[in-house]
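**Student:** Structure file final-v2.cif (mmCIF, N, CA and C atoms) is given on the next line.
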```
data_run
#
loop_
_atom_site.label_atom_id
_atom_site.label_comp_id
_atom_site.auth_asym_id
_atom_site.auth_seq_id
_atom_site.Cartn_x
_atom_site.Cartn_y
_atom_site.Cartn_z
N MET A 1 -8.51 2.75 -31.02
CA MET A 1 -8.45 2.48 -29.59
C MET A 1 -7.04 2.79 -29.09
N SER A 2 -6.97 3.56 -28.00
CA SER A 2 -5.67 3.94 -27.47
C SER A 2 -5.12 2.86 -26.54
N ARG A 3 -3.83 2.84 -26.45
CA ARG A 3 -3.14 1.88 -25.59
C ARG A 3 -3.23 2.36 -24.14
N PRO A 4 -3.46 1.43 -23.17
CA PRO A 4 -3.49 1.83 -21.76
C PRO A 4 -2.15 2.44 -21.33
N SER A 5 -2.21 3.35 -20.38
CA SER A 5 -0.98 3.95 -19.85
C SER A 5 -0.32 2.98 -18.88
N TRP A 6 0.93 3.27 -18.53
CA TRP A 6 1.61 2.46 -17.52
C TRP A 6 0.83 2.51 -16.21
N ASP A 7 0.29 3.68 -15.85
CA ASP A 7 -0.50 3.77 -14.62
C ASP A 7 -1.69 2.82 -14.67
N ASP A 8 -2.37 2.75 -15.82
CA ASP A 8 -3.51 1.83 -15.98
C ASP A 8 -3.05 0.39 -15.74
N TYR A 9 -1.96 0.03 -16.37
CA TYR A 9 -1.43 -1.31 -16.28
C TYR A 9 -1.07 -1.68 -14.84
N PHE A 10 -0.31 -0.81 -14.18
CA PHE A 10 0.14 -1.12 -12.82
C PHE A 10 -1.01 -1.08 -11.81
N MET A 11 -1.96 -0.17 -11.99
CA MET A 11 -3.11 -0.15 -11.07
C MET A 11 -3.94 -1.42 -11.21
N GLU A 12 -4.04 -1.96 -12.39
CA GLU A 12 -4.76 -3.22 -12.57
C GLU A 12 -4.06 -4.34 -11.80
N ILE A 13 -2.74 -4.34 -11.83
CA ILE A 13 -1.98 -5.37 -11.12
C ILE A 13 -2.16 -5.24 -9.61
N THR A 14 -2.28 -4.00 -9.08
CA THR A 14 -2.48 -3.85 -7.64
C THR A 14 -3.75 -4.57 -7.19
N SER A 15 -4.78 -4.52 -8.03
CA SER A 15 -6.04 -5.20 -7.69
C SER A 15 -5.85 -6.71 -7.65
N VAL A 16 -5.05 -7.24 -8.54
CA VAL A 16 -4.77 -8.68 -8.55
C VAL A 16 -3.99 -9.06 -7.29
N VAL A 17 -2.98 -8.27 -6.96
CA VAL A 17 -2.17 -8.53 -5.76
C VAL A 17 -3.04 -8.46 -4.51
N ALA A 18 -3.99 -7.52 -4.46
CA ALA A 18 -4.87 -7.37 -3.29
C ALA A 18 -5.69 -8.63 -3.03
N ASN A 19 -5.91 -9.44 -4.05
CA ASN A 19 -6.67 -10.69 -3.86
C ASN A 19 -5.98 -11.64 -2.89
N ARG A 20 -4.68 -11.49 -2.67
CA ARG A 20 -3.94 -12.34 -1.74
C ARG A 20 -4.10 -11.91 -0.29
N SER A 21 -4.69 -10.73 -0.07
CA SER A 21 -4.86 -10.19 1.28
C SER A 21 -5.66 -11.13 2.16
N THR A 22 -5.26 -11.18 3.42
CA THR A 22 -6.00 -11.98 4.40
C THR A 22 -6.73 -11.11 5.41
N CYS A 23 -6.77 -9.80 5.16
CA CYS A 23 -7.47 -8.87 6.05
C CYS A 23 -8.98 -9.03 5.89
N LEU A 24 -9.68 -8.98 7.01
CA LEU A 24 -11.13 -9.12 6.99
C LEU A 24 -11.84 -7.81 6.69
N ARG A 25 -11.14 -6.67 6.83
CA ARG A 25 -11.78 -5.36 6.69
C ARG A 25 -11.54 -4.70 5.34
N ARG A 26 -10.33 -4.82 4.82
CA ARG A 26 -9.98 -4.10 3.59
C ARG A 26 -8.86 -4.86 2.88
N LYS A 27 -9.05 -5.14 1.61
CA LYS A 27 -8.04 -5.84 0.82
C LYS A 27 -7.23 -4.80 0.05
N VAL A 28 -5.92 -4.77 0.32
CA VAL A 28 -5.04 -3.76 -0.27
C VAL A 28 -3.89 -4.45 -0.98
N GLY A 29 -3.56 -3.96 -2.15
CA GLY A 29 -2.41 -4.44 -2.90
C GLY A 29 -1.49 -3.28 -3.24
N ALA A 30 -0.19 -3.56 -3.31
CA ALA A 30 0.79 -2.51 -3.60
C ALA A 30 1.90 -3.05 -4.49
N LEU A 31 2.43 -2.16 -5.32
CA LEU A 31 3.60 -2.46 -6.15
C LEU A 31 4.60 -1.34 -5.98
N ILE A 32 5.87 -1.68 -6.08
CA ILE A 32 6.92 -0.67 -6.20
C ILE A 32 7.50 -0.85 -7.59
N VAL A 33 7.52 0.25 -8.33
CA VAL A 33 7.92 0.23 -9.73
C VAL A 33 8.99 1.29 -9.97
N ARG A 34 9.98 0.96 -10.77
CA ARG A 34 10.94 1.95 -11.24
C ARG A 34 11.30 1.60 -12.68
N ASP A 35 11.36 2.61 -13.53
CA ASP A 35 11.65 2.41 -14.95
C ASP A 35 10.69 1.40 -15.58
N ASN A 36 9.42 1.48 -15.18
CA ASN A 36 8.35 0.62 -15.69
C ASN A 36 8.60 -0.87 -15.45
N ARG A 37 9.34 -1.17 -14.38
CA ARG A 37 9.59 -2.56 -13.98
C ARG A 37 9.12 -2.73 -12.54
N ILE A 38 8.40 -3.81 -12.29
CA ILE A 38 7.93 -4.11 -10.93
C ILE A 38 9.11 -4.64 -10.12
N LEU A 39 9.40 -3.95 -9.01
CA LEU A 39 10.51 -4.34 -8.15
C LEU A 39 10.05 -5.19 -6.97
N ALA A 40 8.87 -4.92 -6.45
CA ALA A 40 8.35 -5.66 -5.29
C ALA A 40 6.84 -5.50 -5.24
N THR A 41 6.19 -6.45 -4.60
CA THR A 41 4.74 -6.40 -4.41
C THR A 41 4.43 -6.64 -2.94
N GLY A 42 3.25 -6.25 -2.52
CA GLY A 42 2.81 -6.52 -1.15
C GLY A 42 1.31 -6.49 -1.05
N TYR A 43 0.80 -7.20 -0.08
CA TYR A 43 -0.63 -7.17 0.24
C TYR A 43 -0.73 -7.19 1.75
N ASN A 44 -1.87 -6.75 2.29
CA ASN A 44 -1.98 -6.67 3.74
C ASN A 44 -2.36 -8.02 4.34
N GLY A 45 -1.69 -8.32 5.45
CA GLY A 45 -1.93 -9.57 6.15
C GLY A 45 -0.90 -9.78 7.24
N ALA A 46 -1.07 -10.84 8.02
CA ALA A 46 -0.20 -11.15 9.15
C ALA A 46 1.21 -11.49 8.66
N PRO A 47 2.20 -11.31 9.53
CA PRO A 47 3.57 -11.67 9.16
C PRO A 47 3.68 -13.15 8.77
N ALA A 48 4.67 -13.45 7.95
CA ALA A 48 4.88 -14.82 7.46
C ALA A 48 4.97 -15.79 8.62
N GLY A 49 4.26 -16.91 8.50
CA GLY A 49 4.30 -17.96 9.50
C GLY A 49 3.38 -17.74 10.69
N MET A 50 2.69 -16.61 10.72
CA MET A 50 1.79 -16.32 11.83
C MET A 50 0.34 -16.49 11.39
N ARG A 51 -0.55 -16.71 12.36
CA ARG A 51 -1.96 -16.90 12.05
C ARG A 51 -2.56 -15.61 11.49
N HIS A 52 -3.42 -15.78 10.52
CA HIS A 52 -4.09 -14.64 9.89
C HIS A 52 -5.40 -14.34 10.60
N CYS A 53 -5.92 -13.16 10.35
CA CYS A 53 -7.18 -12.72 10.98
C CYS A 53 -8.34 -13.64 10.60
N GLN A 54 -8.24 -14.29 9.46
CA GLN A 54 -9.27 -15.24 9.07
C GLN A 54 -9.38 -16.37 10.10
N GLU A 55 -8.27 -16.64 10.81
CA GLU A 55 -8.27 -17.68 11.86
C GLU A 55 -8.56 -17.10 13.24
N THR A 56 -8.02 -15.90 13.51
CA THR A 56 -8.09 -15.34 14.87
C THR A 56 -9.24 -14.36 15.05
N GLY A 57 -9.79 -13.86 13.95
CA GLY A 57 -10.76 -12.78 14.02
C GLY A 57 -10.04 -11.44 14.05
N CYS A 58 -10.80 -10.39 13.91
CA CYS A 58 -10.23 -9.04 13.83
C CYS A 58 -10.45 -8.31 15.16
N MET A 59 -9.36 -8.03 15.85
CA MET A 59 -9.44 -7.33 17.13
C MET A 59 -10.01 -5.93 16.96
N ARG A 60 -9.63 -5.24 15.89
CA ARG A 60 -10.11 -3.88 15.66
C ARG A 60 -11.62 -3.88 15.41
N GLU A 61 -12.09 -4.88 14.71
CA GLU A 61 -13.52 -5.01 14.45
C GLU A 61 -14.28 -5.28 15.76
N ARG A 62 -13.75 -6.20 16.56
CA ARG A 62 -14.38 -6.54 17.84
C ARG A 62 -14.46 -5.32 18.76
N GLN A 63 -13.46 -4.45 18.71
CA GLN A 63 -13.43 -3.27 19.58
C GLN A 63 -14.07 -2.04 18.94
N GLY A 64 -14.57 -2.18 17.71
CA GLY A 64 -15.24 -1.07 17.04
C GLY A 64 -14.31 0.07 16.67
N VAL A 65 -13.06 -0.24 16.37
CA VAL A 65 -12.08 0.80 16.02
C VAL A 65 -12.34 1.27 14.59
N PRO A 66 -12.53 2.58 14.39
CA PRO A 66 -12.77 3.10 13.05
C PRO A 66 -11.55 2.93 12.13
N SER A 67 -11.81 2.88 10.85
CA SER A 67 -10.75 2.82 9.86
C SER A 67 -9.82 4.01 10.03
N GLY A 68 -8.53 3.77 9.89
CA GLY A 68 -7.55 4.84 10.00
C GLY A 68 -7.05 5.12 11.40
N GLU A 69 -7.53 4.36 12.39
CA GLU A 69 -7.13 4.59 13.78
C GLU A 69 -6.57 3.31 14.41
N ARG A 70 -5.72 3.48 15.40
CA ARG A 70 -5.20 2.40 16.25
C ARG A 70 -4.58 1.25 15.45
N HIS A 71 -3.68 1.59 14.54
CA HIS A 71 -3.02 0.59 13.70
C HIS A 71 -2.31 -0.48 14.53
N GLU A 72 -1.85 -0.12 15.73
CA GLU A 72 -1.09 -1.05 16.55
C GLU A 72 -1.92 -2.24 17.03
N LEU A 73 -3.24 -2.16 16.93
CA LEU A 73 -4.10 -3.27 17.35
C LEU A 73 -4.26 -4.34 16.28
N CYS A 74 -3.75 -4.10 15.10
CA CYS A 74 -3.92 -5.02 13.98
C CYS A 74 -2.78 -6.04 13.94
N ARG A 75 -3.11 -7.29 13.67
CA ARG A 75 -2.11 -8.35 13.51
C ARG A 75 -1.34 -8.20 12.21
N GLY A 76 -1.96 -7.54 11.25
CA GLY A 76 -1.39 -7.50 9.91
C GLY A 76 -0.45 -6.34 9.65
N LEU A 77 0.32 -6.51 8.62
CA LEU A 77 1.14 -5.44 8.06
C LEU A 77 0.38 -4.86 6.88
N HIS A 78 0.62 -3.61 6.60
CA HIS A 78 0.01 -2.98 5.43
C HIS A 78 0.70 -3.47 4.16
N ALA A 79 -0.02 -3.42 3.06
CA ALA A 79 0.52 -3.86 1.78
C ALA A 79 1.81 -3.12 1.44
N GLU A 80 1.82 -1.81 1.71
CA GLU A 80 3.00 -1.00 1.42
C GLU A 80 4.18 -1.46 2.27
N GLN A 81 3.93 -1.76 3.54
CA GLN A 81 5.00 -2.25 4.41
C GLN A 81 5.54 -3.57 3.91
N ASN A 82 4.66 -4.47 3.50
CA ASN A 82 5.11 -5.76 2.98
C ASN A 82 5.92 -5.61 1.70
N ALA A 83 5.56 -4.67 0.83
CA ALA A 83 6.35 -4.43 -0.38
C ALA A 83 7.73 -3.89 -0.03
N LEU A 84 7.80 -2.95 0.91
CA LEU A 84 9.09 -2.41 1.36
C LEU A 84 9.95 -3.52 1.96
N ILE A 85 9.36 -4.37 2.78
CA ILE A 85 10.10 -5.47 3.40
C ILE A 85 10.58 -6.46 2.35
N GLN A 86 9.71 -6.78 1.38
CA GLN A 86 10.11 -7.70 0.32
C GLN A 86 11.33 -7.17 -0.42
N ALA A 87 11.34 -5.88 -0.74
CA ALA A 87 12.49 -5.28 -1.42
C ALA A 87 13.74 -5.39 -0.55
N ALA A 88 13.61 -5.12 0.75
CA ALA A 88 14.76 -5.19 1.66
C ALA A 88 15.29 -6.61 1.76
N VAL A 89 14.41 -7.58 1.93
CA VAL A 89 14.82 -8.98 2.08
C VAL A 89 15.61 -9.44 0.85
N HIS A 90 15.20 -8.95 -0.31
CA HIS A 90 15.84 -9.38 -1.56
C HIS A 90 16.93 -8.41 -2.04
N GLY A 91 17.23 -7.39 -1.24
CA GLY A 91 18.31 -6.46 -1.58
C GLY A 91 18.05 -5.61 -2.81
N ILE A 92 16.81 -5.18 -2.98
CA ILE A 92 16.42 -4.40 -4.15
C ILE A 92 16.31 -2.93 -3.77
N SER A 93 17.10 -2.09 -4.43
CA SER A 93 17.00 -0.65 -4.19
C SER A 93 15.73 -0.12 -4.82
N ILE A 94 14.96 0.63 -4.04
CA ILE A 94 13.71 1.19 -4.54
C ILE A 94 13.74 2.71 -4.61
N ALA A 95 14.87 3.31 -4.25
CA ALA A 95 15.00 4.77 -4.29
C ALA A 95 14.65 5.28 -5.68
N GLY A 96 13.84 6.33 -5.72
CA GLY A 96 13.41 6.89 -7.00
C GLY A 96 12.23 6.18 -7.61
N GLY A 97 11.66 5.23 -6.89
CA GLY A 97 10.56 4.43 -7.41
C GLY A 97 9.20 5.06 -7.19
N THR A 98 8.22 4.43 -7.81
CA THR A 98 6.81 4.80 -7.67
C THR A 98 6.08 3.67 -6.97
N PHE A 99 5.24 4.02 -6.01
CA PHE A 99 4.34 3.07 -5.36
C PHE A 99 3.00 3.15 -6.06
N TYR A 100 2.43 2.01 -6.39
CA TYR A 100 1.05 1.90 -6.87
C TYR A 100 0.30 1.15 -5.79
N VAL A 101 -0.82 1.71 -5.32
CA VAL A 101 -1.55 1.13 -4.20
C VAL A 101 -3.05 1.22 -4.46
N THR A 102 -3.78 0.21 -4.02
CA THR A 102 -5.23 0.23 -4.21
C THR A 102 -5.91 1.31 -3.38
N HIS A 103 -5.28 1.73 -2.26
CA HIS A 103 -5.86 2.74 -1.37
C HIS A 103 -4.79 3.74 -0.96
N GLN A 104 -5.22 4.93 -0.60
CA GLN A 104 -4.29 5.95 -0.11
C GLN A 104 -3.51 5.41 1.09
N PRO A 105 -2.20 5.54 1.10
CA PRO A 105 -1.41 5.08 2.24
C PRO A 105 -1.69 5.88 3.51
N CYS A 106 -1.50 5.23 4.65
CA CYS A 106 -1.64 5.87 5.96
C CYS A 106 -0.36 6.63 6.29
N VAL A 107 -0.37 7.34 7.41
CA VAL A 107 0.78 8.14 7.80
C VAL A 107 2.00 7.26 8.11
N LEU A 108 1.81 6.08 8.68
CA LEU A 108 2.94 5.19 8.94
C LEU A 108 3.65 4.81 7.65
N CYS A 109 2.87 4.45 6.65
CA CYS A 109 3.44 4.06 5.36
C CYS A 109 4.02 5.27 4.63
N ALA A 110 3.39 6.42 4.78
CA ALA A 110 3.92 7.65 4.16
C ALA A 110 5.32 7.95 4.67
N LYS A 111 5.52 7.82 5.98
CA LYS A 111 6.84 8.08 6.57
C LYS A 111 7.87 7.08 6.06
N MET A 112 7.48 5.82 5.95
CA MET A 112 8.41 4.80 5.44
C MET A 112 8.77 5.08 3.98
N MET A 113 7.78 5.48 3.19
CA MET A 113 8.04 5.79 1.79
C MET A 113 8.99 6.97 1.65
N ALA A 114 8.81 7.98 2.50
CA ALA A 114 9.71 9.14 2.46
C ALA A 114 11.15 8.71 2.75
N ASN A 115 11.33 7.88 3.77
CA ASN A 115 12.68 7.42 4.11
C ASN A 115 13.27 6.50 3.05
N ALA A 116 12.43 5.80 2.32
CA ALA A 116 12.89 4.90 1.26
C ALA A 116 13.16 5.66 -0.05
N ARG A 117 12.91 6.97 -0.03
CA ARG A 117 13.12 7.85 -1.18
C ARG A 117 12.22 7.52 -2.38
N ILE A 118 10.98 7.15 -2.07
CA ILE A 118 9.96 6.99 -3.10
C ILE A 118 9.63 8.39 -3.60
N VAL A 119 9.43 8.54 -4.91
CA VAL A 119 9.18 9.88 -5.47
C VAL A 119 7.74 10.12 -5.89
N ARG A 120 6.96 9.03 -6.02
CA ARG A 120 5.59 9.18 -6.52
C ARG A 120 4.74 8.05 -5.94
N VAL A 121 3.48 8.38 -5.62
CA VAL A 121 2.52 7.38 -5.15
C VAL A 121 1.24 7.56 -5.94
N VAL A 122 0.79 6.48 -6.55
CA VAL A 122 -0.47 6.47 -7.29
C VAL A 122 -1.41 5.53 -6.54
N PHE A 123 -2.60 6.03 -6.19
CA PHE A 123 -3.54 5.21 -5.43
C PHE A 123 -4.94 5.40 -5.99
N ARG A 124 -5.80 4.42 -5.73
CA ARG A 124 -7.18 4.49 -6.23
C ARG A 124 -8.13 5.00 -5.14
N GLY A 125 -8.36 4.24 -4.12
CA GLY A 125 -9.35 4.57 -3.10
C GLY A 125 -8.80 5.46 -2.00
N GLY A 126 -9.68 6.24 -1.40
CA GLY A 126 -9.29 7.12 -0.32
C GLY A 126 -9.09 6.39 0.99
N TYR A 127 -8.57 7.11 1.97
CA TYR A 127 -8.34 6.59 3.31
C TYR A 127 -8.39 7.78 4.26
N PRO A 128 -9.01 7.65 5.41
CA PRO A 128 -9.20 8.81 6.30
C PRO A 128 -7.94 9.17 7.08
N ASP A 129 -6.94 9.75 6.41
CA ASP A 129 -5.70 10.08 7.09
C ASP A 129 -5.11 11.36 6.50
N GLU A 130 -5.55 12.49 7.04
CA GLU A 130 -5.09 13.79 6.56
C GLU A 130 -3.61 14.02 6.86
N LEU A 131 -3.12 13.47 7.98
CA LEU A 131 -1.71 13.64 8.31
C LEU A 131 -0.82 12.99 7.25
N ALA A 132 -1.26 11.86 6.72
CA ALA A 132 -0.49 11.20 5.65
C ALA A 132 -0.35 12.13 4.45
N LEU A 133 -1.44 12.80 4.08
CA LEU A 133 -1.40 13.72 2.95
C LEU A 133 -0.42 14.86 3.21
N ALA A 134 -0.43 15.37 4.43
CA ALA A 134 0.50 16.44 4.80
C ALA A 134 1.94 15.97 4.75
N MET A 135 2.19 14.75 5.20
CA MET A 135 3.55 14.19 5.19
C MET A 135 4.05 14.01 3.75
N PHE A 136 3.19 13.53 2.87
CA PHE A 136 3.59 13.38 1.47
C PHE A 136 3.97 14.73 0.88
N ARG A 137 3.14 15.75 1.15
CA ARG A 137 3.44 17.11 0.65
C ARG A 137 4.79 17.59 1.17
N GLU A 138 4.99 17.46 2.49
CA GLU A 138 6.23 17.94 3.09
C GLU A 138 7.45 17.20 2.55
N ALA A 139 7.30 15.91 2.27
CA ALA A 139 8.41 15.11 1.75
C ALA A 139 8.65 15.36 0.26
N GLY A 140 7.72 16.05 -0.39
CA GLY A 140 7.87 16.31 -1.83
C GLY A 140 7.55 15.10 -2.69
N ILE A 141 6.77 14.18 -2.15
CA ILE A 141 6.37 12.99 -2.90
C ILE A 141 5.11 13.32 -3.69
N GLU A 142 5.16 13.10 -4.99
CA GLU A 142 3.99 13.35 -5.84
C GLU A 142 2.91 12.33 -5.49
N LEU A 143 1.72 12.81 -5.22
CA LEU A 143 0.60 11.95 -4.84
C LEU A 143 -0.48 12.10 -5.90
N VAL A 144 -0.85 10.97 -6.52
CA VAL A 144 -1.81 10.99 -7.62
C VAL A 144 -2.97 10.05 -7.29
N GLN A 145 -4.18 10.59 -7.26
CA GLN A 145 -5.34 9.72 -7.10
C GLN A 145 -5.76 9.26 -8.49
N TYR A 146 -5.60 7.98 -8.72
CA TYR A 146 -5.87 7.38 -10.02
C TYR A 146 -7.36 7.50 -10.36
N GLY A 147 -7.64 7.94 -11.55
CA GLY A 147 -9.02 8.05 -12.01
C GLY A 147 -9.66 9.39 -11.71
N SER A 148 -8.98 10.25 -10.93
CA SER A 148 -9.55 11.57 -10.65
C SER A 148 -9.09 12.54 -11.74
N THR A 149 -9.85 13.57 -11.94
CA THR A 149 -9.49 14.53 -12.98
C THR A 149 -8.82 15.75 -12.41
#
```
Would you write out, as C-alpha cells, the structure that this file holds?
**Tutor:**
Amino acid sequence: MSRPSWDDYFMEITSVVANRSTCLRRKVGALIVRDNRILATGYNGAPAGMRHCQETGCMRERQGVPSGERHELCRGLHAEQNALIQAAVHGISIAGGTFYVTHQPCVLCAKMMANARIVRVVFRGGYPDELALAMFREAGIELVQYGST
C-alpha cells in the first residue's frame, strides 16, 4: 500500500475545515501551505461577530442569483479570503505558498492570490468562473484540479 501524497493529505483537511462553514449554499474550506506546513485556514461565512446566513437567510437564494454571480450580495467571505485574512492578522508571510481549496476559486479570490504571490492552487470541485481561470493563467499560478487525470 502506497503512502498518500501531500496533496491527498491537505485536500482531506480542506473538507474538515469546510465543515465549519455557515453558508447555506456551498460549504468551502481552504488551507494555505508552504514547505508542507499549514500556515492558515479559512471557511466561508459571515465576518467575525456578525450574524450568519443561518440566522438571516440567504439573500442570493431569495433573489435567485446563480452560483458564480453577484458576490457583493453575500454576507459571507469566501474561504480563501478568510485564510488570507487569518494570515495577515497573525503576520504570516504566505508568498510562495500553495492554496488547497474544496472548490475552484472565483475571480475575486484569484486576484487576491496573485497579489499575495501564491504559486499553486489545488482544488477539488469546479466553479462557473472562466475569468478566474484566465487570471490564474496570466498570473502564472499553477492550477491543479485534484483527482483529475
**Student:** Please indicate the distance in Å from atom N of Gly45 (chain A) to atom N of His78 (chain A), rounded to one decimal place.
**Tutor:**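 Taking atom N of Gly45 (chain A) and atom N of His78 (chain A), their separation equals 5.4 Å.
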**Student:** Just want the 9 Å neighbourhood of Cys53 (chain A), counted on only C-alpha atoms, with same-chain residues fewer than 6 positions away dropped. Output as an MDAnalysis selection string.
**Tutor:** chainID A and resid 22:24 45:46 59 74:76
**Student:** Under the PyMOL selection byres (((chain A and resi 135 and name CA) around 10) and name CA), which residues of this model are included? Write them out as a compact mmCIF listing (two decimals) with N, CA and C atoms, keeping the file's coordinate frame.
**Tutor:**
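And here's out-v7.txt as it stands now:
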```txt
# COMPACT_ATOMS: atom_id res chain seq x y z
N CYS A 106 -1.50 5.23 4.65
CA CYS A 106 -1.64 5.87 5.96
C CYS A 106 -0.36 6.63 6.29
N VAL A 107 -0.37 7.34 7.41
CA VAL A 107 0.78 8.14 7.80
C VAL A 107 2.00 7.26 8.11
N LEU A 108 1.81 6.08 8.68
CA LEU A 108 2.94 5.19 8.94
C LEU A 108 3.65 4.81 7.65
N ALA A 110 3.39 6.42 4.78
CA ALA A 110 3.92 7.65 4.16
C ALA A 110 5.32 7.95 4.67
N LYS A 111 5.52 7.82 5.98
CA LYS A 111 6.84 8.08 6.57
C LYS A 111 7.87 7.08 6.06
N ALA A 114 8.81 7.98 2.50
CA ALA A 114 9.71 9.14 2.46
C ALA A 114 11.15 8.71 2.75
N GLU A 130 -5.55 12.49 7.04
CA GLU A 130 -5.09 13.79 6.56
C GLU A 130 -3.61 14.02 6.86
N LEU A 131 -3.12 13.47 7.98
CA LEU A 131 -1.71 13.64 8.31
C LEU A 131 -0.82 12.99 7.25
N ALA A 132 -1.26 11.86 6.72
CA ALA A 132 -0.49 11.20 5.65
C ALA A 132 -0.35 12.13 4.45
N LEU A 133 -1.44 12.80 4.08
CA LEU A 133 -1.40 13.72 2.95
C LEU A 133 -0.42 14.86 3.21
N ALA A 134 -0.43 15.37 4.43
CA ALA A 134 0.50 16.44 4.80
C ALA A 134 1.94 15.97 4.75
N PHE A 136 3.19 13.53 2.87
CA PHE A 136 3.59 13.38 1.47
C PHE A 136 3.97 14.73 0.88
N ARG A 137 3.14 15.75 1.15
CA ARG A 137 3.44 17.11 0.65
C ARG A 137 4.79 17.59 1.17
N GLU A 138 4.99 17.46 2.49
CA GLU A 138 6.23 17.94 3.09
C GLU A 138 7.45 17.20 2.55
N ALA A 139 7.30 15.91 2.27
CA ALA A 139 8.41 15.11 1.75
C ALA A 139 8.65 15.36 0.26
N GLY A 140 7.72 16.05 -0.39
CA GLY A 140 7.87 16.31 -1.83
C GLY A 140 7.55 15.10 -2.69
N ILE A 141 6.77 14.18 -2.15
CA ILE A 141 6.37 12.99 -2.90
C ILE A 141 5.11 13.32 -3.69
```
**Student:** Using atom C of Glu142 (chain A) and CA of Arg120 (chain A) as the two end points, give the distance in Å to one decimal.
**Tutor:** 4.3 Å
**Student:** Compare A:Ile118, A:Val144, A:Ala30, A:Cys109 by their minimum atom-to-atom distance to Ala83 (chain A), counting all atoms listed in the file, and give me the closest one.
**Tutor:**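 Using all atoms listed in the file, Ala83 (chain A) sits closest to A:Ala30.
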**Student:** Could you work out how far CA of Leu143 (chain A) lies from CA of Val16 (chain A), giving the answer in Å with one decimal?
**Tutor:**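 Answer for the CA of Val16 (chain A) to CA of Leu143 (chain A) separation: 21.6 Å.
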**Student:** Name the closest residue to Asn44 (chain A) among the candidates A:Ser67, A:Asn115, A:Thr56, A:Ser21; distances are taken between atoms, counting only C-alpha atoms.
**Tutor:** A:Ser21
**Student:** Determine the residue membership of the PyMOL selection byres (((chain A and resi 10 and name CA) around 12) and name CA) for the file above and supply it as an MDAnalysis selection string.
**Tutor:** chainID A and resid 4:9 11:17 29:34 36:39 41 98:102 121:124 146
**Student:** Please identify the alpha helix (DSSP H) residues within region 35-66 of chain A (assignment by DSSP from backbone atoms) and present them as a ChimeraX atom specification.
**Tutor:** /A:53-56,59-62
**Student:** Report the residues retrieved by the PyMOL selection byres ((chain A and resi 104) around 5) from the displayed file, expressed as a PyMOL selection string.
**Tutor:** chain A and resi 102-103+105-106+125-127
**Student:** Could the residues in this selection be written to a file with N, CA and C atoms, as an mmCIF file, in the coordinates of the input?
**Tutor:**
```
data_model
loop_
_atom_site.group_PDB
_atom_site.id
_atom_site.type_symbol
_atom_site.label_atom_id
_atom_site.label_comp_id
_atom_site.auth_asym_id
_atom_site.auth_seq_id
_atom_site.Cartn_x
_atom_site.Cartn_y
_atom_site.Cartn_z
ATOM 1 N N THR A 102 -3.780 0.210 -4.020
ATOM 2 C CA THR A 102 -5.230 0.230 -4.210
ATOM 3 C C THR A 102 -5.910 1.310 -3.380
ATOM 4 N N HIS A 103 -5.280 1.730 -2.260
ATOM 5 C CA HIS A 103 -5.860 2.740 -1.370
ATOM 6 C C HIS A 103 -4.790 3.740 -0.960
ATOM 7 N N PRO A 105 -2.200 5.540 1.100
ATOM 8 C CA PRO A 105 -1.410 5.080 2.240
ATOM 9 C C PRO A 105 -1.690 5.880 3.510
ATOM 10 N N CYS A 106 -1.500 5.230 4.650
ATOM 11 C CA CYS A 106 -1.640 5.870 5.960
ATOM 12 C C CYS A 106 -0.360 6.630 6.290
ATOM 13 N N GLY A 125 -8.360 4.240 -4.120
ATOM 14 C CA GLY A 125 -9.350 4.570 -3.100
ATOM 15 C C GLY A 125 -8.800 5.460 -2.000
ATOM 16 N N GLY A 126 -9.680 6.240 -1.400
ATOM 17 C CA GLY A 126 -9.290 7.120 -0.320
ATOM 18 C C GLY A 126 -9.090 6.390 0.990
ATOM 19 N N TYR A 127 -8.570 7.110 1.970
ATOM 20 C CA TYR A 127 -8.340 6.590 3.310
ATOM 21 C C TYR A 127 -8.390 7.780 4.260
#
```
